[in-house]
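Enquirer: What follows is the file target38.txt, containing compact mmCIF, C-alpha atoms and all ligand atoms:
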```txt
# COMPACT_ATOMS: atom_id res chain seq x y z
CA MET A 30 105.03 47.41 131.74
CA LYS A 31 107.35 46.25 134.50
CA THR A 32 109.34 49.15 135.95
CA GLN A 33 112.93 48.09 136.70
CA ARG A 34 114.49 49.22 139.99
CA LEU A 35 118.12 50.05 139.13
CA THR A 36 120.79 50.35 141.82
CA PRO A 37 122.85 53.54 141.45
CA CYS A 38 126.10 51.69 140.68
CA GLU A 39 127.94 51.10 137.38
CA ASN A 40 125.60 48.30 136.24
CA GLY A 41 122.47 50.25 137.06
CA ILE A 42 123.77 53.39 135.34
CA ASN A 43 124.73 51.37 132.24
CA THR A 44 121.26 49.82 132.07
CA ALA A 45 119.64 53.27 132.44
CA CYS A 46 121.78 54.56 129.55
CA GLU A 47 120.88 51.58 127.31
CA ILE A 48 117.17 52.15 127.98
CA LEU A 49 117.52 55.87 127.16
CA LYS A 50 119.49 55.19 123.96
CA ASN A 51 116.75 52.76 122.89
CA GLY A 52 114.00 55.37 123.31
CA GLY A 53 112.84 54.41 126.82
CA ILE A 54 112.02 56.65 129.81
CA VAL A 55 113.81 56.45 133.17
CA GLY A 56 113.27 58.15 136.55
CA ILE A 57 116.59 59.64 137.66
CA PRO A 58 117.68 61.54 140.75
CA THR A 59 118.93 65.13 140.39
CA GLU A 60 119.89 67.66 143.05
CA THR A 61 116.47 69.37 142.71
CA VAL A 62 113.78 66.64 142.38
CA TYR A 63 113.64 63.27 140.58
CA GLY A 64 113.32 63.74 136.80
CA LEU A 65 111.66 61.53 134.19
CA ALA A 66 114.31 61.41 131.46
CA ALA A 67 114.25 60.68 127.72
CA ASN A 68 116.50 61.41 124.75
CA ALA A 69 115.75 65.08 123.98
CA TYR A 70 116.21 64.44 120.23
CA ASP A 71 113.75 61.49 120.06
CA GLU A 72 110.14 62.62 119.53
CA TYR A 73 108.67 59.21 120.23
CA ALA A 74 110.55 58.89 123.53
CA ILE A 75 109.34 62.40 124.50
CA SER A 76 105.74 61.44 123.74
CA LYS A 77 106.09 58.64 126.31
CA ILE A 78 106.97 61.21 129.02
CA PHE A 79 103.81 63.25 128.35
CA LYS A 80 101.70 60.07 128.36
CA ALA A 81 103.16 58.57 131.57
CA LYS A 82 102.82 61.85 133.50
CA GLY A 83 99.51 62.93 131.99
CA ARG A 84 101.32 66.22 131.25
CA PRO A 85 99.45 68.82 129.19
CA GLN A 86 100.99 69.00 125.68
CA ASP A 87 101.53 72.76 125.97
CA ASN A 88 103.86 72.49 128.99
CA PRO A 89 107.46 72.38 127.66
CA LEU A 90 110.31 70.27 129.08
CA ILE A 91 113.74 71.20 130.44
CA VAL A 92 116.74 69.77 128.56
CA HIS A 93 119.61 68.59 130.79
CA ILE A 94 123.20 68.77 129.56
CA SER A 95 126.56 67.94 131.16
CA LYS A 96 128.93 70.20 129.23
CA LEU A 97 128.81 73.70 127.83
CA GLU A 98 129.58 72.60 124.23
CA THR A 99 126.12 70.98 124.02
CA LEU A 100 124.51 74.39 124.65
CA CYS A 101 125.30 75.56 121.09
CA GLU A 102 123.67 72.43 119.59
CA ILE A 103 120.43 73.20 121.37
CA ALA A 104 120.29 77.00 121.59
CA LYS A 105 121.10 79.85 119.19
CA ASP A 106 121.63 83.65 119.48
CA ILE A 107 122.98 82.97 122.96
CA PRO A 108 123.48 86.29 124.83
CA LYS A 109 126.59 87.01 126.91
CA SER A 110 124.40 87.01 130.03
CA ALA A 111 123.72 83.28 129.48
CA TYR A 112 127.43 82.50 129.62
CA LEU A 113 127.81 84.67 132.74
CA CYS A 114 125.00 82.73 134.44
CA ALA A 115 126.43 79.41 133.28
CA GLN A 116 129.84 80.35 134.64
CA LYS A 117 128.43 81.34 138.02
CA PHE A 118 125.59 78.83 138.55
CA TRP A 119 126.27 75.72 136.42
CA PRO A 120 126.39 72.94 137.24
CA GLY A 121 123.45 73.66 139.54
CA PRO A 122 119.72 74.30 139.92
CA LEU A 123 119.35 77.10 137.32
CA THR A 124 117.38 76.63 134.08
CA ILE A 125 117.89 79.17 131.30
CA VAL A 126 115.34 79.74 128.51
CA LEU A 127 116.99 80.60 125.16
CA LYS A 128 116.07 80.53 121.45
CA LYS A 129 116.05 76.91 120.24
CA THR A 130 117.80 75.34 117.26
CA GLU A 131 116.16 72.96 114.76
CA LYS A 132 117.67 69.99 116.62
CA ILE A 133 115.13 70.33 119.43
CA PRO A 134 111.81 68.78 118.40
CA CYS A 135 108.66 70.90 118.79
CA CYS A 136 107.23 68.50 121.37
CA VAL A 137 110.10 69.32 123.79
CA SER A 138 109.44 73.06 123.55
CA ALA A 139 105.65 72.60 123.29
CA GLY A 140 105.65 74.51 120.02
CA LEU A 141 107.57 77.53 121.39
CA GLU A 142 110.59 79.00 119.58
CA THR A 143 112.53 78.72 122.85
CA VAL A 144 114.01 75.90 124.91
CA ALA A 145 114.76 75.58 128.65
CA ILE A 146 118.26 74.23 129.46
CA ARG A 147 119.98 73.20 132.67
CA MET A 148 123.29 71.61 133.67
CA PRO A 149 122.65 69.57 136.84
CA SER A 150 125.28 69.19 139.56
CA CYS A 151 124.18 65.76 140.88
CA GLU A 152 126.98 63.31 140.01
CA LEU A 153 124.57 60.48 139.13
CA THR A 154 122.60 62.68 136.72
CA ARG A 155 125.81 63.86 135.08
CA GLU A 156 127.04 60.29 134.66
CA VAL A 157 123.81 59.25 132.96
CA ILE A 158 124.01 62.22 130.55
CA GLU A 159 127.69 61.59 129.82
CA LYS A 160 127.53 57.81 129.43
CA SER A 161 124.38 57.91 127.28
CA GLY A 162 125.91 60.72 125.18
CA LEU A 163 122.45 62.35 125.05
CA PRO A 164 120.92 65.62 126.16
CA LEU A 165 118.05 64.49 128.38
CA ALA A 166 114.62 66.12 128.42
CA ALA A 167 113.36 65.57 131.94
CA PRO A 168 110.35 67.05 133.73
CA SER A 169 109.68 66.08 137.33
CA ALA A 170 108.96 62.33 137.64
CA ASN A 171 105.45 62.61 139.10
CA ILE A 172 101.88 62.49 137.83
CA SER A 173 101.19 66.03 136.59
CA GLY A 174 99.70 68.16 139.34
CA SER A 175 100.87 66.02 142.27
CA PRO A 176 103.77 67.11 144.54
CA SER A 177 107.14 66.64 142.83
CA PRO A 178 109.12 63.51 143.83
CA THR A 179 112.15 63.91 146.07
CA THR A 180 112.76 60.17 146.64
CA ALA A 181 112.84 57.12 144.36
CA ASN A 182 109.80 55.77 146.24
CA HIS A 183 107.79 58.91 145.41
CA VAL A 184 108.53 58.19 141.72
CA LEU A 185 107.35 54.59 142.10
CA SER A 186 104.23 55.59 143.99
CA ASP A 187 103.17 57.77 141.01
CA LEU A 188 104.64 55.94 137.99
CA ASP A 189 105.28 52.25 138.80
CA GLY A 190 104.23 50.22 135.75
CA LYS A 191 104.17 53.32 133.48
CA ILE A 192 107.92 53.86 132.93
CA ASP A 193 110.84 51.60 132.00
CA ALA A 194 112.99 52.07 135.09
CA VAL A 195 113.94 54.13 138.12
CA LEU A 196 117.53 54.73 139.19
CA MET A 197 117.12 54.27 142.96
CA GLY A 198 119.38 57.06 144.25
CA ASP A 199 119.25 59.11 147.45
CA SER A 200 116.71 61.76 148.35
CA CYS A 201 117.26 65.09 146.59
CA ASP A 202 119.43 67.77 148.23
CA VAL A 203 117.53 70.92 147.22
CA GLY A 204 114.00 69.47 147.30
CA VAL A 205 112.31 72.02 144.99
CA GLU A 206 112.62 72.28 141.20
CA SER A 207 115.20 74.47 139.49
CA THR A 208 114.98 78.24 139.19
CA VAL A 209 113.79 79.14 135.65
CA ILE A 210 114.86 82.42 134.00
CA THR A 211 114.38 83.62 130.45
CA LEU A 212 117.12 85.53 128.63
CA VAL A 213 115.17 85.83 125.38
CA GLY A 214 113.43 89.19 125.85
CA GLU A 215 114.83 92.70 126.38
CA HIS A 216 115.72 92.05 130.00
CA PRO A 217 116.00 88.87 132.10
CA VAL A 218 112.89 87.59 133.85
CA LEU A 219 112.52 85.12 136.73
CA LEU A 220 109.79 82.67 135.65
CA ARG A 221 110.02 80.20 138.53
CA PRO A 222 111.98 80.59 141.79
CA GLY A 223 114.09 77.62 142.90
CA GLY A 224 117.43 76.55 144.34
CA ILE A 225 119.32 79.55 142.90
CA THR A 226 117.79 82.55 144.66
CA LEU A 227 116.66 85.88 143.20
CA GLU A 228 119.29 87.59 145.37
CA GLN A 229 122.04 85.41 143.82
CA LEU A 230 120.74 86.13 140.30
CA GLN A 231 120.68 89.88 140.93
CA GLU A 232 124.46 89.79 141.38
CA VAL A 233 124.87 88.68 137.74
CA LEU A 234 121.65 90.10 136.26
CA PRO A 235 121.00 93.43 138.05
CA ASP A 236 117.99 94.24 135.79
CA ILE A 237 116.16 90.91 136.36
CA THR A 238 112.42 91.26 137.04
CA VAL A 239 110.01 88.74 138.56
CA ASN A 240 107.17 87.42 136.43
CA LYS A 241 103.73 88.15 137.90
CA ALA A 242 102.80 84.45 137.95
CA VAL A 243 105.51 83.71 140.58
CA LEU A 244 103.40 85.07 143.43
CA SER A 245 99.91 85.57 142.06
CA GLU A 246 97.25 83.75 140.11
CA LEU A 247 96.96 84.56 136.42
CA GLU A 248 93.60 85.67 135.02
CA LYS A 249 92.06 83.02 132.74
CA THR A 250 92.69 85.27 129.74
CA GLU A 251 96.36 86.06 130.59
CA ALA A 252 99.11 84.25 128.66
CA ALA A 253 101.69 82.47 130.87
CA ALA A 254 105.35 83.31 130.13
CA SER A 255 106.13 79.91 131.66
CA PRO A 256 103.31 77.55 130.63
CA GLY A 257 103.77 75.34 133.72
CA MET A 258 102.77 78.24 135.98
CA LYS A 259 99.16 78.20 134.83
CA TYR A 260 98.43 74.65 135.94
CA LYS A 261 97.10 73.44 139.28
CA HIS A 262 100.12 72.06 141.06
CA TYR A 263 101.28 70.25 144.17
CA ALA A 264 97.79 70.23 145.69
CA PRO A 265 96.83 67.65 148.33
CA GLU A 266 93.24 66.33 148.12
CA THR A 267 92.68 67.85 151.58
CA GLU A 268 91.57 71.50 151.48
CA THR A 269 94.74 73.52 151.98
CA PHE A 270 95.29 77.09 153.25
CA LEU A 271 98.49 79.09 153.40
CA VAL A 272 98.72 81.22 156.56
CA GLU A 273 100.87 84.37 156.84
CA GLY A 274 101.69 86.08 160.14
CA GLU A 275 103.20 85.55 163.56
CA ASN A 276 100.30 84.09 165.59
CA PHE A 277 100.11 80.79 163.71
CA ALA A 278 99.97 78.56 166.82
CA GLN A 279 97.17 80.59 168.40
CA PHE A 280 95.22 80.48 165.09
CA VAL A 281 95.49 76.75 164.43
CA ASN A 282 94.80 75.78 168.06
CA GLN A 283 91.22 76.91 167.39
CA LYS A 284 90.91 74.33 164.57
CA PRO A 285 90.84 70.99 166.41
CA ASN A 286 89.91 68.93 163.33
CA ALA A 287 92.65 70.30 161.10
CA VAL A 288 96.35 69.57 160.71
CA ALA A 289 99.01 72.29 160.98
CA ILE A 290 102.18 72.28 158.91
CA CYS A 291 104.57 74.36 160.96
CA PHE A 292 108.15 75.41 161.71
CA LEU A 293 110.27 73.52 164.24
CA GLU A 294 110.58 76.67 166.36
CA GLU A 295 106.80 76.98 167.02
CA SER A 296 105.85 73.31 167.19
CA ASP A 297 105.73 73.08 171.01
CA ASN A 298 102.98 75.70 171.08
CA ILE A 299 100.75 73.84 168.62
CA LYS A 300 98.22 71.58 170.32
CA ILE A 301 96.43 70.10 167.27
CA GLU A 302 97.82 67.43 164.92
CA LYS A 303 100.96 68.84 163.28
CA ILE A 304 103.75 68.13 160.81
CA ILE A 305 107.03 70.03 161.19
CA TYR A 306 108.34 70.82 157.70
CA GLY A 307 111.65 72.34 158.72
CA SER A 308 113.26 75.21 160.58
CA LYS A 309 112.34 78.86 160.02
CA GLN A 310 115.98 79.69 160.83
CA ASN A 311 117.17 77.32 158.12
CA PRO A 312 114.76 77.66 155.17
CA GLU A 313 116.76 75.14 153.07
CA THR A 314 115.19 72.48 155.32
CA LEU A 315 111.69 73.75 154.42
CA ALA A 316 112.53 73.24 150.72
CA GLN A 317 113.98 69.78 151.35
CA ASN A 318 110.90 68.50 153.21
CA LEU A 319 108.17 70.41 151.39
CA PHE A 320 107.01 67.85 148.82
CA ALA A 321 107.29 64.79 151.10
CA THR A 322 105.18 66.73 153.63
CA LEU A 323 102.51 67.56 151.02
CA ARG A 324 102.44 63.90 149.97
CA ASN A 325 101.74 62.87 153.59
CA VAL A 326 98.83 65.25 154.21
CA ASP A 327 96.16 63.08 152.59
CA LYS A 328 97.15 60.04 154.67
CA LEU A 329 96.03 61.83 157.86
CA GLY A 330 92.30 61.78 157.13
CA VAL A 331 91.62 65.37 158.24
CA SER A 332 89.42 67.80 156.34
CA GLU A 333 91.65 70.89 156.34
CA VAL A 334 95.34 71.71 156.44
CA TYR A 335 96.89 75.05 157.44
CA ILE A 336 100.49 75.70 156.38
CA HIS A 337 102.63 78.43 157.95
CA ALA A 338 104.11 80.48 155.08
CA PRO A 339 107.87 81.08 154.97
CA GLU A 340 109.55 84.45 154.31
CA LYS A 341 109.46 85.33 150.60
CA SER A 342 113.23 85.78 150.39
CA GLY A 343 116.13 83.45 149.55
CA ILE A 344 114.98 79.87 148.99
CA GLY A 345 111.81 80.85 150.92
CA LEU A 346 110.49 82.46 147.71
CA ALA A 347 110.59 79.06 145.96
CA VAL A 348 108.84 77.36 148.90
CA TYR A 349 106.19 80.12 148.99
CA ASN A 350 105.66 79.80 145.21
CA ARG A 351 104.92 76.04 145.54
CA LEU A 352 102.76 76.46 148.65
CA ILE A 353 100.54 79.16 147.19
CA ARG A 354 99.75 76.74 144.35
CA ALA A 355 99.23 73.81 146.74
CA ALA A 356 96.70 76.07 148.50
CA ALA A 357 95.04 77.07 145.19
CA PHE A 358 95.89 80.71 146.13
CA LYS A 359 93.84 80.58 149.36
CA VAL A 360 95.93 82.77 151.70
CA ILE A 361 94.92 83.77 155.25
CA ASN A 362 96.65 86.89 156.63
CA LEU A 363 96.65 86.90 160.44
P1 LIG A 401 109.22 70.68 135.28
O1 LIG A 401 110.13 70.07 134.29
O2 LIG A 401 108.06 69.83 135.61
O3 LIG A 401 109.99 71.20 136.43
O4 LIG A 401 108.63 71.97 134.55
C1 LIG A 401 109.44 72.76 133.73
C2 LIG A 401 109.07 74.22 133.87
O5 LIG A 401 109.88 74.98 132.95
C3 LIG A 401 107.62 74.51 133.55
O6 LIG A 401 107.09 75.45 134.46
C4 LIG A 401 107.69 75.08 132.15
O7 LIG A 401 106.62 75.94 131.88
C5 LIG A 401 109.05 75.81 132.16
N1 LIG A 401 109.59 75.90 130.80
C6 LIG A 401 110.13 74.90 130.07
N2 LIG A 401 110.45 75.35 128.83
C7 LIG A 401 110.12 76.65 128.78
C8 LIG A 401 110.19 77.65 127.77
N3 LIG A 401 110.67 77.39 126.56
N4 LIG A 401 109.73 78.90 128.07
C9 LIG A 401 109.24 79.17 129.30
N5 LIG A 401 109.14 78.25 130.31
C10 LIG A 401 109.55 77.01 130.05
MG MG A 402 106.91 69.31 137.33
```
If you convert what's in this file into structure tokens, what do you get?
Expert:
Amino acid sequence: MKTQRLTPCENGINTACEILKNGGIVGIPTETVYGLAANAYDEYAISKIFKAKGRPQDNPLIVHISKLETLCEIAKDIPKSAYLCAQKFWPGPLTIVLKKTEKIPCCVSAGLETVAIRMPSCELTREVIEKSGLPLAAPSANISGSPSPTTANHVLSDLDGKIDAVLMGDSCDVGVESTVITLVGEHPVLLRPGGITLEQLQEVLPDITVNKAVLSELEKTEAAASPGMKYKHYAPETETFLVEGENFAQFVNQKPNAVAICFLEESDNIKIEKIIYGSKQNPETLAQNLFATLRNVDKLGVSEVYIHAPEKSGIGLAVYNRLIRAAAFKVINL
């Protein structure tokens, strides 16, 4: 299959919409990461997403909408808390898990009775949803397990020849995937941290709790509340360690054959090969650069990589959640 490169102008958007209406799959930019979109109501189109990504069949997809009316087509028994969250955080990087209606095919929800829904804020994404007239199921547009794509070229490097087209937009603003919460049980639960922080959610949902899988590895026998959390994710080929503590520079300087992924503020003190992934003072930059940095690690030809862990607060919690998976839960406490 030849993957079309579409420019993010009217013509390109129209072509993307035609492809989607005809059951094709298209890489599209969003404010979080690039998504691989298909008509959420078309089972055959959805099956193409799973095939192109090599995504396990039991990992459900997020459905993207552009207006609140569509919510009632997709979800039922919607609690008041969902509308409060929508009012405060939509459009934006928050995904809400609710009970699904019959309109959502089982393959989108991976057989669950629930569906994950988000209203993106990226103008291009919204235009594609509006002009196609479709809710779009869209997981991240990468090969399953590899770092999520934050540029159109990341999408092409994983999926060129496997998907119909890519809308060649800008790099993504947030850089990590959306926050996922469920409002189906007795109280709200954070399933995956992302662009909307736990602290922001607590203002609307004071009784929200954090699912165990956010910061620790599940036992093989434990069921995952969010199926995606049980899979190996974001891991470079190079053996990766997450390092917590202040004396990072001193620690990595004793590892001459490794590469350090560090904060801007400490980089002058690091004497081995290094990649700066952002500023500790400005953790949004860590999120923005995280996946591009992980994609670059394997090009360096070193045997080990040590990454300085961010604070587990604000957007730092989302960065930490991705890094602990990239490191296969190997954490060094200094
Ligand atoms: P991705 O689209 O690649 O960002 O992954 C979507 C994430 O949302 C995965 O971690 C899924 O497990 C999670 N997710 C999607 N639908 C549901 C659902 N119905 N219940 C719980 N988690 C879900
Ligand atoms: Mg993904």
Enquirer: Which is closer to ligand LIG 401 (chain A) than all the others in A:Ile42, A:Leu271, A:Ile75, A:Val144, using only C-alpha atoms and all ligand atoms?
Expert: A:Val144
Enquirer: Restricting the calculation to all atoms listed in the file, which member of A:Ala181, A:Leu352, A:Leu244, A:Ala45 is positioned closest to Ile290 of chain A?
Expert: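 Closest to Ile290 of chain A, using all atoms listed in the file: A:Leu352.
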Enquirer: List every residue of chain A that has an atom at most 7 Å from any atom of ligand MG 402 (chain A), and for each one report the closest atom pair and its distance in Å to one decimal, counting only C-alpha atoms and all ligand atoms, with rows sorted by chain and then by increasing residue number, as a Markdown table.
Expert:
```
| residue | atom | partner | partner_atom | distance |
| --- | --- | --- | --- | --- |
| A:Pro168 | CA | A:MG402 | MG | 5.5 |
| A:Ser169 | CA | A:MG402 | MG | 4.3 |
| A:Ser173 | CA | A:MG402 | MG | 6.6 |
| A:Ser177 | CA | A:MG402 | MG | 6.1 |
```
Enquirer: Measuring atom to atom with only C-alpha atoms and all ligand atoms, identify which of A:Cys135, A:Leu230, A:Leu319, A:Leu346 is nearest to ligand LIG 401 (chain A).
Expert: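 Ranking A:Cys135, A:Leu230, A:Leu319, A:Leu346 by distance to ligand LIG 401 (chain A), first place goes to A:Cys135.
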Enquirer: Using only C-alpha atoms, what residues lie at most 8 Å away from (118.2, 72.5, 116.0) (file coordinates), given as a CSV table (one decimal) with C-alpha atoms, keeping the file's coordinate frame?
Expert:
```csv
chain,number,residue,atom,x,y,z
A,102,GLU,CA,123.7,72.4,119.6
A,103,ILE,CA,120.4,73.2,121.4
A,104,ALA,CA,120.3,77.0,121.6
A,129,LYS,CA,116.0,76.9,120.2
A,130,THR,CA,117.8,75.3,117.3
A,131,GLU,CA,116.2,73.0,114.8
A,132,LYS,CA,117.7,70.0,116.6
A,133,ILE,CA,115.1,70.3,119.4
A,134,PRO,CA,111.8,68.8,118.4
```
Enquirer: Of the candidates A:Glu248, A:Asp87, A:Asp327, A:Asp193, which one gets nearest to ligand LIG 401 (chain A) if we count all atoms listed in the file?
Expert: A:Asp87
Enquirer: I'd like to know which of A:Met258, A:Ala194, A:Ala166, A:Val62 is closest to ligand LIG 401 (chain A), using only C-alpha atoms and all ligand atoms.
Expert: A:Met258
Enquirer: Produce a table with one row for each residue of chain A that has an atom at most 9 Å from any atom of ligand LIG 401 (chain A), each row naming the nearest atom pair and its distance in Å at one decimal; use only C-alpha atoms and all ligand atoms; arrange rows by chain and rising residue number; format as a tab-separated table.
Expert:
```
residue	atom	partner	partner_atom	distance
A:Val62	CA	A:LIG401	O3	8.4
A:Gly64	CA	A:LIG401	O1	7.5
A:Leu65	CA	A:LIG401	O1	8.7
A:Arg84	CA	A:LIG401	O2	8.8
A:Asp87	CA	A:LIG401	O7	8.4
A:Asn88	CA	A:LIG401	O7	5.3
A:Pro89	CA	A:LIG401	N2	4.4
A:Leu90	CA	A:LIG401	C6	4.7
A:Ile91	CA	A:LIG401	C6	5.2
A:Val92	CA	A:LIG401	N2	8.4
A:Thr124	CA	A:LIG401	O5	7.8
A:Ile125	CA	A:LIG401	C7	8.5
A:Val126	CA	A:LIG401	N3	5.6
A:Leu127	CA	A:LIG401	N3	7.2
A:Lys128	CA	A:LIG401	N3	8.1
A:Lys129	CA	A:LIG401	N3	8.3
A:Val137	CA	A:LIG401	N2	7.9
A:Ser138	CA	A:LIG401	N3	5.4
A:Ala139	CA	A:LIG401	N3	7.7
A:Gly140	CA	A:LIG401	N3	8.7
A:Leu141	CA	A:LIG401	N3	6.0
A:Glu142	CA	A:LIG401	N3	7.2
A:Thr143	CA	A:LIG401	N3	4.4
A:Val144	CA	A:LIG401	N3	4.0
A:Ala145	CA	A:LIG401	N2	4.3
A:Ile146	CA	A:LIG401	N2	7.9
A:Ala166	CA	A:LIG401	O1	8.4
A:Ala167	CA	A:LIG401	O1	6.0
A:Pro168	CA	A:LIG401	O1	3.1
A:Ser169	CA	A:LIG401	O2	4.4
A:Ala170	CA	A:LIG401	O2	7.8
A:Asn171	CA	A:LIG401	O2	8.4
A:Ser173	CA	A:LIG401	O2	7.9
A:Ser177	CA	A:LIG401	O2	7.9
A:Val205	CA	A:LIG401	O3	8.9
A:Glu206	CA	A:LIG401	O3	5.6
A:Ser207	CA	A:LIG401	O3	6.9
A:Thr208	CA	A:LIG401	O5	8.7
A:Val209	CA	A:LIG401	O5	6.3
A:Ile210	CA	A:LIG401	N5	8.0
A:Thr211	CA	A:LIG401	C9	6.9
A:Leu220	CA	A:LIG401	N5	7.0
A:Arg221	CA	A:LIG401	O6	6.9
A:Ala253	CA	A:LIG401	O7	8.2
A:Ala254	CA	A:LIG401	C9	5.7
A:Ser255	CA	A:LIG401	N5	3.7
A:Pro256	CA	A:LIG401	O7	3.9
A:Gly257	CA	A:LIG401	O6	3.4
A:Met258	CA	A:LIG401	O6	5.4
A:Lys259	CA	A:LIG401	O7	8.3
A:Tyr260	CA	A:LIG401	O6	8.8
```
Enquirer: Restricting the calculation to only C-alpha atoms, which member of A:Glu39, A:Glu232, A:Asp71, A:Asp297 is positioned closest to Leu153 of chain A?
Expert: A:Glu39
Enquirer: In Å, with one decimal, what is the gap from atom CA of Val331 of chain A to atom CA of Cys291 of chain A?
Expert: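 Taking atom CA of Val331 of chain A and atom CA of Cys291 of chain A, their separation equals 16.0 Å.
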Enquirer: Would you mind reading off the distance between atom CA of Ala289 of chain A and atom CA of Ile301 of chain A, one decimal, in Å?
Expert: 7.1 Å
Enquirer: With all atoms listed in the file as the counted atoms, please give the residues lying no more than 9 Å from Pro122 of chain A, apart from itself and same-chain residues fewer than 4 positions off, as JSON, numbers by chain.
Expert: {"A": [60, 61, 118, 147, 148, 149, 150, 203, 206, 207, 208, 209, 223, 224, 225]}
Enquirer: What is the distance between atom CA of Ser175 of chain A and atom CA of Leu227 of chain A, in Å to one decimal?
Expert: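 Calculated distance between atom CA of Ser175 of chain A and atom CA of Leu227 of chain A is 25.4 Å.
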Enquirer: How big is the axis-aligned box, and where does its centre sit, when it encloses all atoms of segment 339-351 of chain A listed in the file and has 8 Å added on every side, reported in Å to one decimal as lines of an AutoDock Vina configuration file?
Expert:
```
center_x = 110.5
center_y = 80.9
center_z = 150.1
size_x = 27.2
size_y = 25.7
size_z = 25.8
```
Enquirer: Skip Ala287 of chain A itself and residues of its chain fewer than 6 positions away, then list as a list in words all residues within 12 Å of it, counting only C-alpha atoms.
Expert: Thr267, Glu268, Thr269, Phe270, Phe280, Val281, Ile299, Lys300, Ile301, Glu302, Lys303, Ile304, Val326, Asp327, Leu329, Gly330, Val331, Ser332, Glu333, Val334, Tyr335 and Ile336 of chain A
Enquirer: Applying 10 Å and all atoms listed in the file, which residues near Phe292 of chain A remain after dropping the ones on its own chain fewer than 5 positions away? List them as a PyMOL selection string.
Expert: chain A and resi 277+297+303-312+314-315+336-339
Enquirer: Would you list the contacts of segment 198-200 of chain A as a PDB file with C-alpha atoms, keeping the file's coordinate frame, taking every protein, DNA or RNA residue within 6 Å and counting all atoms listed in the file, but skipping same-chain residues closer than 3 positions in sequence?
Expert:
```
ATOM      1  CA  PRO A  37     122.850  53.540 141.450  1.00  0.00           C
ATOM      2  CA  PRO A  58     117.680  61.540 140.750  1.00  0.00           C
ATOM      3  CA  THR A 179     112.150  63.910 146.070  1.00  0.00           C
ATOM      4  CA  THR A 180     112.760  60.170 146.640  1.00  0.00           C
TER       5      THR A 180
END
```
